[in-house]
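**Q** Sharing query28.cif, mmCIF, C-alpha atoms:
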```cif
data_input
loop_
_atom_site.label_atom_id
_atom_site.label_comp_id
_atom_site.auth_asym_id
_atom_site.auth_seq_id
_atom_site.Cartn_x
_atom_site.Cartn_y
_atom_site.Cartn_z
CA MET A 105 109.70 87.07 101.13
CA MET A 106 107.35 88.45 103.71
CA VAL A 107 107.42 92.22 103.90
CA LYS A 108 106.13 94.19 106.85
CA ILE A 109 104.07 97.17 105.78
CA VAL A 110 102.49 99.79 108.00
CA ASP A 111 99.56 101.60 106.45
CA VAL A 112 98.78 105.29 106.96
CA LYS A 113 96.53 104.40 109.92
CA GLY A 114 99.38 102.56 111.67
CA LYS A 115 98.05 99.05 111.03
CA GLU A 116 100.85 96.49 110.57
CA ARG A 117 100.57 93.78 107.93
CA TYR A 118 102.98 91.09 106.77
CA VAL A 119 102.49 90.42 103.09
CA ASN A 120 104.06 88.12 100.53
CA ALA A 121 105.98 90.41 98.18
CA ALA A 122 105.35 87.99 95.29
CA TYR A 123 101.66 88.95 95.37
CA ILE A 124 102.17 92.70 94.97
CA ARG A 125 100.83 93.71 91.56
CA SER A 126 101.71 97.40 91.59
CA VAL A 127 103.03 100.32 93.60
CA THR A 128 101.43 103.65 92.69
CA PRO A 129 102.72 107.06 93.82
CA LYS A 130 100.19 109.17 95.70
CA GLY A 131 101.91 112.52 95.97
CA THR A 132 105.59 112.73 96.84
CA ASP A 133 105.55 110.91 100.18
CA LYS A 134 102.82 108.25 99.95
CA ALA A 135 102.18 105.18 97.81
CA ASP A 136 99.41 102.66 97.23
CA ILE A 137 100.33 98.97 97.20
CA ASP A 138 97.92 96.87 95.12
CA PHE A 139 97.65 93.12 95.66
CA GLY A 140 94.96 92.49 93.06
CA HIS A 141 92.94 90.03 95.10
CA TRP A 142 92.08 92.45 97.92
CA SER A 143 89.22 94.88 97.51
CA GLY A 144 91.53 97.89 97.60
CA ALA A 145 95.10 99.07 97.80
CA VAL A 146 97.04 99.66 101.01
CA ARG A 147 98.36 103.22 101.37
CA VAL A 148 101.70 103.72 103.12
CA ASP A 149 103.66 106.80 104.22
CA GLN A 150 106.62 106.13 101.93
CA PRO A 151 107.53 107.30 98.42
CA ALA A 152 106.70 104.73 95.72
CA GLU A 153 110.37 104.38 94.72
CA GLN A 154 111.34 103.42 98.27
CA VAL A 155 108.49 100.90 98.52
CA ALA A 156 109.50 99.34 95.21
CA GLU A 157 113.14 99.05 96.35
CA VAL A 158 112.16 97.24 99.56
CA VAL A 159 109.79 94.89 97.73
CA ASN A 160 112.36 94.12 95.01
CA ALA A 161 115.05 93.43 97.61
CA SER A 162 112.82 90.87 99.33
CA LEU A 163 112.18 88.88 96.13
CA PRO A 164 114.56 86.26 94.75
CA SER A 165 116.43 87.19 91.59
CA SER A 166 114.44 84.65 89.54
CA PHE A 167 111.15 82.84 89.83
CA ASP A 168 112.99 79.52 89.64
CA GLU A 169 114.81 80.44 92.86
CA TYR A 170 111.47 81.36 94.42
CA LEU A 171 109.93 77.98 93.54
CA ALA A 172 113.04 76.15 94.80
CA ALA A 173 112.85 78.03 98.11
CA VAL A 174 109.16 77.16 98.49
CA ASP A 175 109.89 73.49 97.78
CA GLN A 176 112.78 73.47 100.25
CA GLN A 177 110.68 75.09 102.98
CA GLY A 178 107.93 72.53 102.46
CA ASP A 179 110.39 69.62 102.66
CA GLY A 180 112.25 70.86 105.71
CA ASN A 181 109.31 72.07 107.77
CA ASN A 182 106.58 69.53 107.09
CA GLY A 183 104.67 72.09 105.04
CA ALA A 184 104.92 74.90 107.61
CA ASN A 185 105.30 78.40 106.25
CA VAL A 186 108.50 80.19 107.16
CA VAL A 187 109.21 83.91 106.90
CA THR A 188 112.49 84.15 105.01
CA THR A 189 112.89 87.90 104.61
CA ILE A 190 111.33 90.74 106.53
CA ALA A 191 111.67 94.35 105.51
CA MET A 192 109.98 97.41 106.98
CA ILE A 193 107.92 99.86 104.96
CA GLY A 194 106.48 102.74 106.92
#
```
Please express the file's structure as C-alpha cells.

**A**
Amino acid sequence: MMVKIVDVKGKERYVNAAYIRSVTPKGTDKADIDFGHWSGAVRVDQPAEQVAEVVNASLPSSFDEYLAAVDQQGDGNNGANVVTTIAMIG
C-alpha cells in the first residue's frame, strides 16, 4: 500500500495510501495530496483524477482486507514493515 509520489520539486516520497485524507485539484495538471498529520499538502504534477486512481488502486477493496494484510505481515516478518504495492505518481 505504499505509493511513490514525486512532488513538483522532484523530491521522491513513499507514503502509505491509507493515510491520504484528500486529493485536491490545483489547475488542470497539478494536485495537492493532504495527509492530515503533516503541516501541509504535497503538490504533484498530475491531475487529481489520475492521483486518485493510483491511490485507490493501491488500497485493498475493504478495510478488513487491509487489517488482515497488516496482521499477516506482522506474523510472517517478525513485525517488519513490507511494501506490498508501489505505484508511481509524478

**Q** Could you jot down the CA of Asp111 in chain A to CA of Phe139 in chain A separation for me, Å, one decimal place?

**A**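 We find that CA of Asp111 in chain A and CA of Phe139 in chain A lie 13.9 Å from each other.
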
**Q** For this structure, which residues satisfy the selection - the PyMOL selection byres ((chain A and resi 152) around 7) - when it is evaluated on the file as given? I want them as a PDB file with C-alpha atoms, in the frame of the given file.

**A**
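This is the output file out_27.pdb:
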```pdb
ATOM      1  CA  VAL A 127     103.030 100.320  93.600  1.00  0.00           C
ATOM      2  CA  THR A 128     101.430 103.650  92.690  1.00  0.00           C
ATOM      3  CA  PRO A 129     102.720 107.060  93.820  1.00  0.00           C
ATOM      4  CA  LYS A 134     102.820 108.250  99.950  1.00  0.00           C
ATOM      5  CA  ALA A 135     102.180 105.180  97.810  1.00  0.00           C
ATOM      6  CA  GLN A 150     106.620 106.130 101.930  1.00  0.00           C
ATOM      7  CA  PRO A 151     107.530 107.300  98.420  1.00  0.00           C
ATOM      8  CA  GLU A 153     110.370 104.380  94.720  1.00  0.00           C
ATOM      9  CA  GLN A 154     111.340 103.420  98.270  1.00  0.00           C
ATOM     10  CA  VAL A 155     108.490 100.900  98.520  1.00  0.00           C
ATOM     11  CA  ALA A 156     109.500  99.340  95.210  1.00  0.00           C
TER      12      ALA A 156
END
```

**Q** Any idea what the distance is between CA of Ile124 in chain A and CA of Asp175 in chain A?

**A**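 We find that CA of Ile124 in chain A and CA of Asp175 in chain A lie 20.9 Å from each other.
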
**Q** Rounded to one decimal place, report the CA of Arg125 in chain A-CA of Ser166 in chain A distance in Å.

**A** 16.5 Å

**Q** Please write as a VMD selection string the list of polymer residues whose atoms come within 12 Å of (103.6, 88.8, 94.4), counting only C-alpha atoms and keeping to the coordinates of the file.

**A** chain A and resid 105 to 107 119 to 127 137 to 141 159 to 160 162 to 164 167 170

**Q** Between A:Lys130, A:Asp136, A:Arg147, A:Glu169, which one has atoms that come closest to Lys113 in chain A, using all atoms listed in the file?

**A**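 The closest residue to Lys113 in chain A is A:Arg147.
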
**Q** Box time for range 149-160 of chain A: axis-aligned, enclosing all its listed atoms, 5 Å extra on each side; report centre and edge lengths in Å to one decimal, as JSON.

**A**
```
{"center_x": 108.4, "center_y": 100.7, "center_z": 99.5, "size_x": 19.5, "size_y": 23.2, "size_z": 19.5}
```

**Q** Kindly output range 138-161 of chain A as a compact mmCIF listing (two decimals), in the frame of the given file, after building N, CA and C atoms.

**A**
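The resulting part_2.txt:
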```txt
# COMPACT_ATOMS: atom_id res chain seq x y z
N ASP A 138 99.06 97.64 95.61
CA ASP A 138 97.92 96.87 95.12
C ASP A 138 98.28 95.40 95.05
N PHE A 139 97.43 94.56 95.63
CA PHE A 139 97.65 93.12 95.66
C PHE A 139 96.74 92.38 94.69
N GLY A 140 95.83 93.10 94.05
CA GLY A 140 94.96 92.49 93.06
C GLY A 140 93.79 91.73 93.63
N HIS A 141 94.02 90.85 94.58
CA HIS A 141 92.94 90.03 95.10
C HIS A 141 92.21 90.67 96.28
N TRP A 142 92.77 91.73 96.85
CA TRP A 142 92.08 92.45 97.92
C TRP A 142 91.14 93.47 97.29
N SER A 143 90.20 93.95 98.06
CA SER A 143 89.22 94.88 97.51
C SER A 143 89.82 96.25 97.22
N GLY A 144 90.92 96.59 97.85
CA GLY A 144 91.53 97.89 97.60
C GLY A 144 93.01 97.86 97.88
N ALA A 145 93.66 98.96 97.58
CA ALA A 145 95.10 99.07 97.80
C ALA A 145 95.37 99.47 99.26
N VAL A 146 96.60 99.25 99.68
CA VAL A 146 97.04 99.66 101.01
C VAL A 146 97.92 100.88 100.83
N ARG A 147 97.57 101.98 101.48
CA ARG A 147 98.36 103.22 101.37
C ARG A 147 99.38 103.27 102.51
N VAL A 148 100.62 103.61 102.15
CA VAL A 148 101.70 103.72 103.12
C VAL A 148 102.33 105.10 103.05
N ASP A 149 102.99 105.50 104.14
CA ASP A 149 103.66 106.80 104.22
C ASP A 149 105.10 106.70 103.75
N GLN A 150 105.30 106.25 102.52
CA GLN A 150 106.62 106.13 101.93
C GLN A 150 106.51 106.47 100.44
N PRO A 151 107.55 107.07 99.88
CA PRO A 151 107.53 107.30 98.42
C PRO A 151 107.49 105.97 97.67
N ALA A 152 106.86 105.96 96.51
CA ALA A 152 106.70 104.73 95.72
C ALA A 152 108.05 104.10 95.38
N GLU A 153 109.06 104.92 95.07
CA GLU A 153 110.37 104.38 94.72
C GLU A 153 110.98 103.59 95.88
N GLN A 154 110.81 104.10 97.09
CA GLN A 154 111.34 103.42 98.27
C GLN A 154 110.60 102.11 98.52
N VAL A 155 109.29 102.12 98.36
CA VAL A 155 108.49 100.90 98.52
C VAL A 155 108.94 99.85 97.51
N ALA A 156 109.09 100.27 96.26
CA ALA A 156 109.50 99.34 95.21
C ALA A 156 110.88 98.74 95.50
N GLU A 157 111.80 99.54 96.01
CA GLU A 157 113.14 99.05 96.35
C GLU A 157 113.07 97.97 97.43
N VAL A 158 112.28 98.20 98.47
CA VAL A 158 112.16 97.24 99.56
C VAL A 158 111.52 95.95 99.06
N VAL A 159 110.47 96.07 98.26
CA VAL A 159 109.79 94.89 97.73
C VAL A 159 110.73 94.11 96.82
N ASN A 160 111.43 94.80 95.92
CA ASN A 160 112.36 94.12 95.01
C ASN A 160 113.48 93.42 95.77
N ALA A 161 113.97 94.03 96.83
CA ALA A 161 115.05 93.43 97.61
C ALA A 161 114.60 92.16 98.31
```
